[in-house]
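These notes are about the structure you will find just below.
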Amino acid sequence: VSQSRYDAQYKDSRAERACATWFVRCDDQIEELCGEPAALLHRYDECWRRHEKVGDEIGFHPHLYKKIDGVWKQDTDEGALSGQIYRAHKAMQEAGYAGRVSRIGEAFSSVGVMRILDELEVICDSTAMPGRVRQDAVRHLDWSGTPEGPYRPSRADYRVTGADSLSLIEVPMTMMPTRADYDSAPLMRYVDLSFHHRVFKAGTIVT
């Protein structure tokens, strides 16, 4: 889709061009595959700059993995996570992007991760998937009790707000109960028509 068509088709609540946030991978896995954490920012810099010129935001999108026996898996060690996030965010800034908004890959978060983002002066994070909980060998996410609307995460519990809250604002993804053709029961998924086309085409949307 050309930029002119994109501008013309999508409007915000004020009937002006709707700005987008592009979350670009920048992390340890990208460094191993491409030579540096910010490789995708450098390689497609012209594209990202073009989007910035029309008001779009280039967001910070690390996948916090560790490599075990040749396989990349979710890292949950708070110390290792801290190092990963700081390195990746620094690489993004050195590439010329502020990294003021974020989304952590695979919807993973923790008290420590949220505090680090706050320390890095990230003003808005969009990782939360309200209601989704999955703890197994592949995924580690827990958003039980998370509200559907924006909130300031508690320092004690990233999933909800609290009296002692962080400065950043968590903006949860829009969720919808769906049952795809491969599901045995409805599952809460974030609304992403481009990625989950099979869910919405062949499955059942539960209203």
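Every chain in the structure tokens takes a letter, A first, then B, and so on in the order presented; its residues are numbered from 1, and the ligands are numbered from 1 following the presented order.
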Leaving out Gly83 of chain A and any residue of its chain fewer than 4 positions from it, which residues lie within 12 Å of it when counting only C-alpha atoms, given as a PDB file with C-alpha atoms, in the first residue's frame?
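Written file, part.pdb:
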ATOM      1  CA  ASP A  27      17.377  -7.639  20.833  1.00  0.00           C
ATOM      2  CA  ASP A  28      19.964 -10.378  21.419  1.00  0.00           C
ATOM      3  CA  LEU A  64      13.737 -11.433  25.619  1.00  0.00           C
ATOM      4  CA  TYR A  65      15.136 -14.832  24.723  1.00  0.00           C
ATOM      5  CA  LYS A  66      18.101 -16.902  25.830  1.00  0.00           C
ATOM      6  CA  ASP A  75      14.369 -15.752  29.444  1.00  0.00           C
ATOM      7  CA  ASP A  77      15.936 -14.419  34.902  1.00  0.00           C
ATOM      8  CA  GLU A  78      15.521 -10.845  36.159  1.00  0.00           C
ATOM      9  CA  GLY A  79      19.251 -10.103  36.076  1.00  0.00           C
ATOM     10  CA  ARG A  87      21.684  -3.206  25.745  1.00  0.00           C
ATOM     11  CA  ALA A  88      18.878  -3.325  23.208  1.00  0.00           C
ATOM     12  CA  HIS A  89      17.444   0.052  24.183  1.00  0.00           C
ATOM     13  CA  LYS A  90      20.895   1.657  24.017  1.00  0.00           C
ATOM     14  CA  GLY A 112      11.363  -6.183  36.958  1.00  0.00           C
ATOM     15  CA  VAL A 113      10.795  -5.670  33.233  1.00  0.00           C
ATOM     16  CA  ILE A 116      13.331  -1.179  33.819  1.00  0.00           C
TER      17      ILE A 116
END
Mind checking DSSP for segment 3-152 of chain A and telling me the helix (DSSP H, G or I) residues as JSON, numbers by chain? {"A": [3, 4, 5, 6, 7, 8, 9, 28, 29, 30, 31, 32, 33, 34, 39, 40, 41, 42, 43, 45, 46, 47, 48, 49, 50, 51, 52, 53, 78, 79, 80, 81, 82, 83, 84, 85, 86, 87, 88, 89, 90, 91, 92, 93, 94, 105, 106, 107, 111, 112, 113, 114, 115, 116, 117, 118, 119]}
Nearest-residue call for Arg103 of chain A, choices A:Glu148, A:Asp125, A:Asp183, A:Asp136, using only C-alpha atoms: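 Looking at the shortest contact to Arg103 of chain A, the residue is A:Asp125.
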DSSP says strand (DSSP E) for which residues of chain A? Put them as a PyMOL selection string? chain A and resi 21-25+57-61+65-68+71-74+101-102+124-125+133-135+140-142+169-170+175-179+187-190+204-205
Residue neighbourhood Thr76 of chain A, 12 Å, only C-alpha atoms, exclusion window fewer than 2 positions, as a compact mmCIF listing (two decimals) with C-alpha atoms, in the first residue's frame:
# COMPACT_ATOMS: atom_id res chain seq x y z
CA HIS A 63 12.06 -10.42 22.38
CA LEU A 64 13.74 -11.43 25.62
CA TYR A 65 15.14 -14.83 24.72
CA LYS A 66 18.10 -16.90 25.83
CA LYS A 73 13.60 -19.77 24.71
CA GLN A 74 11.93 -17.14 26.87
CA GLU A 78 15.52 -10.85 36.16
CA GLY A 79 19.25 -10.10 36.08
CA ALA A 80 19.68 -11.35 32.53
CA LEU A 81 16.51 -9.54 31.42
CA SER A 82 17.85 -6.26 32.79
CA GLN A 84 19.18 -7.51 27.61
CA PHE A 108 6.04 -11.40 28.35
CA SER A 109 6.44 -9.05 31.29
CA SER A 110 7.31 -9.00 34.97
CA VAL A 111 7.69 -6.57 37.85
CA GLY A 112 11.36 -6.18 36.96
CA VAL A 113 10.80 -5.67 33.23
CA GLN A 135 3.00 -20.89 31.63
CA ALA A 137 7.87 -24.70 27.98
CA VAL A 138 7.08 -22.30 25.14
CA ARG A 139 5.30 -19.27 26.62
CA HIS A 140 5.50 -17.41 29.90
CA LEU A 141 2.79 -14.79 30.29
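Shortest atom-to-atom contact with Cys26 of chain A among A:Glu57, A:Glu94, A:Asp142, A:Asp118: A:Glu94, counting only C-alpha atoms.
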Can you pull out every residue within 8 Å of Pro150 of chain A, counting only C-alpha atoms, but drop anything in the same chain fewer than 6 positions away, and send it as a PDB file with C-alpha atoms, in the first residue's frame?
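Result file follows (around.pdb):
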ATOM      1  CA  ILE A 169       1.237   3.965  31.056  1.00  0.00           C
ATOM      2  CA  GLU A 170       0.330   0.433  30.049  1.00  0.00           C
ATOM      3  CA  VAL A 171      -2.072   0.326  27.092  1.00  0.00           C
ATOM      4  CA  PRO A 172      -3.417  -3.240  26.796  1.00  0.00           C
TER       5      PRO A 172
END
